[in-house]
Amino acid sequence: MTGTLTPPRPDTEVEHLLTVTISRGRRIRNRLAGVWMYASFVLVAVPLVIVIGYVVIKGIGVIDGAWFTQKIFVLDTKAGGGMAPAIVGTIVITFWATLLAVPLGVLAAIYLHEYGKRGRLARVIRFMSEVMTGVPSIIMGLFVFIVFTVPLGAKGLVGFGGSLALACLMLPIVIRSSEEMLRLVPDDLRQASYALGNRKWRTIVTVVLPAALGGMVSGIMLAVARAAGETAPLLFTIGASRRVNWNVFQGPNTALPLQIWNNSQSPYLPAQNRAWGAALTLVVLVFVLTLLARFVSSRFSLKHD
Amino acid sequence: MTPPSDLQVSDRTTDPDPTRGLTRGGRAGRGDSVFRGVALVAGLVVLAVLALIVWAMFDKGRDAIRVSGITFVTGDVWDPPNNTYGALAFIYGTLLSSLIALILAVPVSIGIALFTIESVPRRLRRPVVSVIDLLAAVPSVVYGLWGILVFAPAIQGFYQDIADTVGTWPGFSAVFGGNASGTSFMTAGIILALMMTPIVTSISREVITTVPSAQREAAYGMGATRWEVIRHAVLPWSRGGIVGGVMLGLGRALGETIAVALVIGSTAQITSHVFLPGYSIAAVIANEFGESSGTHQSALIAMGLLLFAITIVVNIAARSLVTRFDRRAQGVT
């Protein structure tokens with residue numbers, strides 16, 4: 001990385017000299033620029049604190065033992081019940097999405113970095129996977145609705161549809177971060193493995209992948225965190241359920257983001273409180289994943305120096 | 001992020017696969033070609049999925065386009081019971097809310113990027129970056145929830161104050177005047193700005209770190225103030241990459257569904273008043289798709305295809321700009 005220069009820090013004597021030599025207009029402009037930079041950060045940090053504060057304060061009141069064990073209460077107008085079906089749904093749907101996206105994404109990254117390199121096909125795949133990260137998540141929902149939900153008819157509204165849509169969303173993120181990690185594995189390691197008589201595929205599986213694993217795991221966890229918080233891909237693909245359903249291949253399901261979306265539009269306070277509770281649960285889940293990813297990457301990833 | 005240059009060089013000069021000539025035929029060689037084949041197929045999945053998305057959405061959206069013809073994008077009447085599908089109001093809402101987000105987020109994002117690189121002491125840099133990353137980690141539906149239950153009701157009075165003061169000035173009344181609603185283009189724009197800031201900030205930061213130290217040092221050496229260094233040595237060097245980052249953020253804003261659906265007000269109208277409720281493409285899909293069928297459903301899918309096309313174009317342009325900077329970064333290091 002390019003080392004950046006810390007601005008000169010004049011002691012008082014020099015400062016006096018500077019105020020004498022630098023014209024007033026220049027000093028004011030410099031000061032204004034400083035204010036702009038500080039203000040920008042504050043302008044963004046404050047809403048973040050407010051949003052998180054609301055989620056914690058409003059959400060914590062709803063969460064008790066029953067929250068994690070009971071099914072979702074049917075009435076908007078009364079408190080009670082729990083959020084277990086949505087918690088379970090979010091976990092299993094995201095789990096299957098990860099199971100689909102990670103092997104594909106890692107293999108694709110291996111193709112890009114170990115085989116395709118700068119070839120034309122590899123460049124096209126790399127560019128397209130970057131473009132794919134920008135495809136709106138609701139498009140993935142529509143896509144899975146058309147090619148999976150509709151053809152299966154009444155049996156199509158299952159958790160797995162949501163997993164497919166989330167997997168489409170995760171795939172390009174996994175590819176991108178995995179290739180980045182493969183790039184950090186020094187070529188010396190590969191050459192040492194070749195020198196011991198290893199074939200290329202063995203070198204990749206036994207030398208390159210283990211070396212890149214820490215960073216890859218961290219990138220994958222960030223992708224999982226992103227997917228777990230997505231609502232739009234699940235809107236038309238997993239149906240609706242108030243009961244716990246561990247099976248993603250049978251019966252409708254629900255998820256935390258969907259519960260937030262539905263309950264936030266209710267005019268009744270008990271439903272709104274449920275939305276806050278679900279939001280707190282989801283935010284905690286996502287933050288834990290994000291922090292874990294940071295920990296893994298700082299602990300196990302390769303440093304390039 | 002960027003690999004050290006020596007890695008790049010060794011990539012180019014030494015054959016990374018010295019066993020290539022030996023692996024033909026033979027039993028052990030088959031392992032190699034199978035592995036390569038599997039990896040290639042995984043890579044091709046990306047292209048297949050993208051192609052399938054376009055084909056599937058075109059196939060299902062065709063009906064509505066046939067029924068409405070060109071009025072699908074030029075008409076502003078959306079009346080499913082009477083089979084009239086004009087998407088202009090939704091296109092307008094998508095563009096306006098994203099434009100507001102852009103105006104709000106760009107100066108702030110660049111400010112934060114400069115803040116983290118040019119003025120925060122080195123040991124505080126990580127915490128500052130973490131705060132911005134945290135902003136990106138909050139799911140969009142949570143912003144939507146806060147937006148509809150807390151922010152929109154609270155901000156309405158403030159909007160009305162602006163409408164009653166600034167809105168009466170000549171030239172400003174078309175944009176700020178009139179009645180103010182809590183759920184509006186403006187609210188959607190503000191929430192979107194919060195969501196696109198982390199993207200624009202992180203790309204800008206990456207691009208700004210590629211500015212060679214020598215360039216900064218030279219400017220400081222000539223007696224430039226910090227602002228003059230930023231203005232004349234840092235920003236000109238990173239302009240293209242920052243524009244790329246801004247466009248990536250724009251792509252995100254255009255396609256954002258849930259948060260916008262909750263706070264934009266769900267009223268299809270074309271108006272220059274930013275404090276009035278509106279609608280967006282993604283939001284109308286989210287709200288109406290579940291209960292739609294036949295041509296109505298087809299029209300929503302066709303709108304999805306339109307949104308897909310818009311975001312793909314924006315993303316391709318953005319990626320081309322950012323990639324060019326990545327390449328330069330690898331050259332400089």
# chains A, B, ... in the order shown; residues from 1 in each chain; ligands from 1

$ interface_residues --of "chain B" --to "chain A" --cutoff "6 Å" --atoms "only C-alpha atoms" --output "VMD selection string"
chain B and resid 32 39 to 40 42 to 43 53 108 111 to 112 115 139 145 213 227 255 315 333

$ write_last_selection --atoms "N, CA and C atoms" --output "tab-separated table (two decimals), in the first residue's frame"
chain	number	residue	atom	x	y	z
B	32	ASP	N	-5.76	-33.38	-13.41
B	32	ASP	CA	-5.60	-31.96	-13.72
B	32	ASP	C	-6.68	-31.43	-14.64
B	39	ALA	N	-13.58	-26.31	-12.47
B	39	ALA	CA	-13.42	-24.89	-12.12
B	39	ALA	C	-13.97	-24.00	-13.23
B	40	LEU	N	-13.73	-24.39	-14.48
B	40	LEU	CA	-14.20	-23.60	-15.60
B	40	LEU	C	-15.73	-23.55	-15.60
B	42	ALA	N	-17.71	-23.83	-13.07
B	42	ALA	CA	-18.14	-22.94	-12.00
B	42	ALA	C	-18.06	-21.48	-12.45
B	43	GLY	N	-16.99	-21.15	-13.18
B	43	GLY	CA	-16.84	-19.78	-13.67
B	43	GLY	C	-17.93	-19.43	-14.68
B	53	ILE	N	-31.13	-14.73	-16.55
B	53	ILE	CA	-31.94	-13.64	-15.99
B	53	ILE	C	-32.57	-12.84	-17.13
B	108	VAL	N	-20.43	14.24	1.14
B	108	VAL	CA	-20.17	13.63	2.45
B	108	VAL	C	-19.20	12.45	2.31
B	111	GLY	N	-15.78	13.61	1.56
B	111	GLY	CA	-15.28	14.22	2.78
B	111	GLY	C	-14.77	13.17	3.75
B	112	ILE	N	-15.54	12.10	3.93
B	112	ILE	CA	-15.11	11.05	4.87
B	112	ILE	C	-13.85	10.35	4.35
B	115	PHE	N	-11.09	12.55	4.97
B	115	PHE	CA	-10.92	12.61	6.42
B	115	PHE	C	-10.08	11.43	6.91
B	139	PRO	N	-28.77	-4.06	7.57
B	139	PRO	CA	-29.63	-4.48	6.46
B	139	PRO	C	-30.57	-3.36	6.04
B	145	LEU	N	-37.38	0.33	8.22
B	145	LEU	CA	-38.18	0.29	9.45
B	145	LEU	C	-38.01	1.59	10.23
B	213	SER	N	2.87	9.05	-2.74
B	213	SER	CA	3.29	9.94	-1.65
B	213	SER	C	4.12	11.09	-2.18
B	227	TRP	N	-5.42	21.73	2.47
B	227	TRP	CA	-6.50	21.83	1.49
B	227	TRP	C	-5.94	21.96	0.08
B	255	GLY	N	-31.38	0.42	-7.53
B	255	GLY	CA	-31.97	-0.91	-7.37
B	255	GLY	C	-32.49	-1.19	-5.99
B	315	ASN	N	-23.49	0.08	-13.90
B	315	ASN	CA	-22.42	-0.71	-13.30
B	315	ASN	C	-21.26	-0.96	-14.24
B	333	THR	N	2.23	1.14	-6.84
B	333	THR	CA	2.52	0.58	-5.52
B	333	THR	C	3.75	1.17	-4.83

$ residues_around --residues "Ser320 in chain B" --least-positions-apart "3" --cutoff "12 Å" --atoms "only C-alpha atoms" --output "ChimeraX atom specification"
/A:127-128,130-131 /B:240-241,243-245,247-248,313-317,323-327

$ select_by_dssp --residues "range 82-302 of chain A" --states "alpha helix (DSSP H)" --output "PyMOL selection string"
chain A and resi 84-110+120-132+137-144+150-152+159-184+187-195+200-203+209-228+256-264+269-300

$ write_last_selection --atoms "C-alpha atoms" --output "short mmCIF file (atom, residue, chain, number, x, y, z; two decimals), in the first residue's frame"
data_model
loop_
_atom_site.label_atom_id
_atom_site.label_comp_id
_atom_site.auth_asym_id
_atom_site.auth_seq_id
_atom_site.Cartn_x
_atom_site.Cartn_y
_atom_site.Cartn_z
CA ALA A 84 -38.66 -18.63 16.31
CA PRO A 85 -39.98 -19.44 12.79
CA ALA A 86 -38.28 -16.39 11.31
CA ILE A 87 -35.01 -17.02 13.14
CA VAL A 88 -34.99 -20.64 11.99
CA GLY A 89 -36.01 -19.59 8.48
CA THR A 90 -33.23 -17.04 8.18
CA ILE A 91 -30.70 -19.60 9.41
CA VAL A 92 -31.70 -22.50 7.14
CA ILE A 93 -32.33 -20.38 4.04
CA THR A 94 -28.99 -18.62 4.41
CA PHE A 95 -27.28 -21.92 5.18
CA TRP A 96 -28.46 -23.51 1.93
CA ALA A 97 -27.60 -20.39 -0.02
CA THR A 98 -24.08 -20.58 1.40
CA LEU A 99 -23.86 -24.26 0.54
CA LEU A 100 -24.72 -23.41 -3.07
CA ALA A 101 -22.70 -20.24 -3.52
CA VAL A 102 -19.45 -21.03 -1.73
CA PRO A 103 -18.21 -24.12 -3.64
CA LEU A 104 -19.21 -22.54 -6.95
CA GLY A 105 -17.68 -19.20 -6.05
CA VAL A 106 -14.41 -20.64 -4.78
CA LEU A 107 -14.05 -22.93 -7.82
CA ALA A 108 -14.80 -20.02 -10.12
CA ALA A 109 -12.16 -17.94 -8.33
CA ILE A 110 -9.68 -20.83 -8.76
CA ARG A 120 -10.07 -13.41 -22.69
CA LEU A 121 -12.65 -15.79 -21.16
CA ALA A 122 -11.35 -15.19 -17.65
CA ARG A 123 -11.48 -11.44 -18.20
CA VAL A 124 -15.08 -11.66 -19.37
CA ILE A 125 -16.11 -13.83 -16.41
CA ARG A 126 -14.29 -11.55 -13.97
CA PHE A 127 -15.91 -8.43 -15.38
CA MET A 128 -19.36 -10.00 -15.50
CA SER A 129 -19.13 -11.23 -11.93
CA GLU A 130 -18.27 -7.70 -10.87
CA VAL A 131 -21.22 -6.40 -12.83
CA MET A 132 -23.37 -9.08 -11.21
CA SER A 137 -31.59 -8.02 -5.19
CA ILE A 138 -35.25 -7.83 -6.19
CA ILE A 139 -34.25 -8.91 -9.71
CA MET A 140 -32.82 -12.11 -8.23
CA GLY A 141 -36.17 -12.67 -6.52
CA LEU A 142 -38.08 -12.17 -9.78
CA PHE A 143 -35.62 -14.42 -11.60
CA VAL A 144 -36.02 -17.31 -9.16
CA VAL A 150 -43.69 -20.91 -11.13
CA PRO A 151 -42.66 -24.21 -12.79
CA LEU A 152 -43.08 -26.06 -9.47
CA GLY A 159 -37.32 -21.96 1.59
CA PHE A 160 -35.03 -23.34 -1.09
CA GLY A 161 -36.34 -20.79 -3.60
CA GLY A 162 -35.09 -18.08 -1.26
CA SER A 163 -31.78 -19.92 -0.93
CA LEU A 164 -31.41 -19.92 -4.72
CA ALA A 165 -32.08 -16.20 -4.94
CA LEU A 166 -29.65 -15.42 -2.10
CA ALA A 167 -27.04 -17.72 -3.68
CA CYS A 168 -27.25 -15.67 -6.91
CA LEU A 169 -26.56 -12.61 -4.79
CA MET A 170 -23.67 -14.17 -2.89
CA LEU A 171 -21.94 -15.85 -5.82
CA PRO A 172 -20.22 -12.78 -7.30
CA ILE A 173 -19.19 -11.53 -3.84
CA VAL A 174 -17.60 -14.88 -3.00
CA ILE A 175 -15.82 -15.01 -6.37
CA ARG A 176 -14.44 -11.52 -5.98
CA SER A 177 -13.13 -11.90 -2.43
CA SER A 178 -11.77 -15.40 -3.05
CA GLU A 179 -9.84 -14.35 -6.13
CA GLU A 180 -8.43 -11.44 -4.16
CA MET A 181 -7.17 -13.91 -1.54
CA LEU A 182 -5.70 -16.32 -4.11
CA ARG A 183 -3.80 -13.39 -5.52
CA LEU A 184 -2.11 -12.87 -2.15
CA ASP A 187 4.06 -17.84 -6.20
CA ASP A 188 7.00 -19.32 -4.31
CA LEU A 189 4.59 -21.63 -2.50
CA ARG A 190 3.22 -22.93 -5.81
CA GLN A 191 6.69 -23.41 -7.24
CA ALA A 192 7.92 -25.22 -4.12
CA SER A 193 4.98 -27.60 -4.47
CA TYR A 194 5.73 -28.20 -8.16
CA ALA A 195 9.35 -28.87 -7.27
CA LYS A 200 -1.26 -28.51 -10.43
CA TRP A 201 -4.59 -29.59 -8.96
CA ARG A 202 -2.86 -31.08 -5.91
CA THR A 203 -0.88 -27.91 -5.50
CA LEU A 209 -6.24 -23.13 -0.79
CA PRO A 210 -5.02 -23.71 2.79
CA ALA A 211 -2.83 -20.63 2.49
CA ALA A 212 -5.73 -18.51 1.31
CA LEU A 213 -8.31 -20.05 3.64
CA GLY A 214 -8.35 -17.40 6.38
CA GLY A 215 -9.09 -14.56 4.01
CA MET A 216 -11.58 -16.62 2.05
CA VAL A 217 -13.54 -17.56 5.17
CA SER A 218 -13.68 -13.92 6.16
CA GLY A 219 -14.95 -12.87 2.71
CA ILE A 220 -17.53 -15.66 2.77
CA MET A 221 -18.81 -14.59 6.17
CA LEU A 222 -19.29 -11.04 4.93
CA ALA A 223 -21.26 -12.40 1.98
CA VAL A 224 -23.38 -14.49 4.38
CA ALA A 225 -24.02 -11.44 6.55
CA ARG A 226 -25.13 -9.48 3.50
CA ALA A 227 -27.43 -12.29 2.33
CA ALA A 228 -29.00 -12.84 5.74
CA LEU A 256 -36.46 -12.12 9.92
CA PRO A 257 -36.28 -9.48 7.13
CA LEU A 258 -39.72 -10.52 5.88
CA GLN A 259 -41.16 -10.18 9.39
CA ILE A 260 -39.67 -6.69 9.69
CA TRP A 261 -41.09 -5.73 6.29
CA ASN A 262 -44.60 -7.04 7.07
CA ASN A 263 -44.87 -5.81 10.64
CA SER A 264 -43.41 -2.37 9.97
CA LEU A 269 -48.14 -1.07 18.05
CA PRO A 270 -47.76 -4.76 19.00
CA ALA A 271 -46.91 -5.59 15.37
CA GLN A 272 -44.52 -2.66 15.14
CA ASN A 273 -42.82 -3.86 18.31
CA ARG A 274 -42.42 -7.26 16.69
CA ALA A 275 -40.71 -5.54 13.78
CA TRP A 276 -38.28 -3.82 16.16
CA GLY A 277 -37.57 -7.08 17.93
CA ALA A 278 -36.92 -8.85 14.65
CA ALA A 279 -34.69 -5.95 13.59
CA LEU A 280 -32.61 -6.23 16.75
CA THR A 281 -32.28 -10.00 16.29
CA LEU A 282 -31.22 -9.53 12.66
CA VAL A 283 -28.79 -6.71 13.39
CA VAL A 284 -27.13 -8.72 16.16
CA LEU A 285 -26.85 -11.72 13.82
CA VAL A 286 -25.34 -9.65 11.02
CA PHE A 287 -22.96 -7.73 13.28
CA VAL A 288 -21.71 -10.91 14.96
CA LEU A 289 -20.99 -12.38 11.52
CA THR A 290 -19.25 -9.18 10.43
CA LEU A 291 -17.11 -8.98 13.58
CA LEU A 292 -16.24 -12.66 13.33
CA ALA A 293 -15.19 -12.08 9.73
CA ARG A 294 -12.91 -9.25 10.83
CA PHE A 295 -11.43 -11.39 13.57
CA VAL A 296 -10.79 -14.29 11.18
CA SER A 297 -9.22 -12.04 8.59
CA SER A 298 -6.93 -10.26 11.05
CA ARG A 299 -5.95 -13.54 12.71
CA PHE A 300 -5.47 -15.92 9.79
#

$ residues_around --residues "Phe73 in chain A" --least-positions-apart "3" --cutoff "9 Å" --atoms "only C-alpha atoms" --output "PyMOL selection string"
chain A and resi 70+76+78-83+242

$ write_last_selection --atoms "C-alpha atoms" --output "mmCIF file, in the first residue's frame"
data_model
loop_
_atom_site.group_PDB
_atom_site.id
_atom_site.type_symbol
_atom_site.label_atom_id
_atom_site.label_comp_id
_atom_site.auth_asym_id
_atom_site.auth_seq_id
_atom_site.Cartn_x
_atom_site.Cartn_y
_atom_site.Cartn_z
ATOM 1 C CA GLN A 70 -42.616 -19.780 20.153
ATOM 2 C CA ASP A 76 -51.361 -7.602 14.839
ATOM 3 C CA LYS A 78 -52.017 -8.090 20.545
ATOM 4 C CA ALA A 79 -48.584 -8.772 21.910
ATOM 5 C CA GLY A 80 -47.399 -12.320 22.426
ATOM 6 C CA GLY A 81 -45.860 -15.238 20.627
ATOM 7 C CA GLY A 82 -42.297 -15.371 19.434
ATOM 8 C CA MET A 83 -40.091 -15.100 16.387
ATOM 9 C CA ARG A 242 -46.095 -18.760 11.250
#

$ atom_distance --atom1 "CA of Thr149 in chain A" --atom2 "CA of Gly265 in chain B"
29.5 Å

$ residues_around --residues "Asn83 in chain B" --least-positions-apart "4" --cutoff "12 Å" --atoms "only C-alpha atoms" --output "PDB file with C-alpha atoms, in the first residue's frame"
ATOM      1  CA  ASP B  63     -46.756  -9.753 -22.952  1.00  0.00           C
ATOM      2  CA  ALA B  64     -46.969  -6.398 -21.258  1.00  0.00           C
ATOM      3  CA  ILE B  65     -44.616  -4.768 -23.728  1.00  0.00           C
ATOM      4  CA  ARG B  66     -46.740  -6.092 -26.593  1.00  0.00           C
ATOM      5  CA  VAL B  67     -49.912  -4.749 -24.971  1.00  0.00           C
ATOM      6  CA  SER B  68     -48.528  -1.310 -24.113  1.00  0.00           C
ATOM      7  CA  PHE B  72     -44.890   1.414 -21.422  1.00  0.00           C
ATOM      8  CA  VAL B  77     -50.959   6.029 -16.243  1.00  0.00           C
ATOM      9  CA  TRP B  78     -50.633   2.811 -14.248  1.00  0.00           C
ATOM     10  CA  ASP B  79     -54.034   1.188 -14.099  1.00  0.00           C
ATOM     11  CA  SER B 293     -51.244 -12.118 -12.298  1.00  0.00           C
ATOM     12  CA  GLY B 294     -51.511 -12.142 -16.076  1.00  0.00           C
ATOM     13  CA  THR B 295     -50.547  -8.961 -17.888  1.00  0.00           C
ATOM     14  CA  HIS B 296     -50.147  -7.035 -14.625  1.00  0.00           C
ATOM     15  CA  GLN B 297     -47.480  -9.498 -13.498  1.00  0.00           C
ATOM     16  CA  SER B 298     -45.899  -9.379 -16.922  1.00  0.00           C
ATOM     17  CA  ALA B 299     -45.758  -5.584 -16.731  1.00  0.00           C
TER      18      ALA B 299
END

$ atom_distance --atom1 "CA of Thr94 in chain B" --atom2 "CA of Thr183 in chain B"
14.6 Å

$ atom_distance --atom1 "CA of Leu306 in chain B" --atom2 "CA of Ile281 in chain B"
8.9 Å
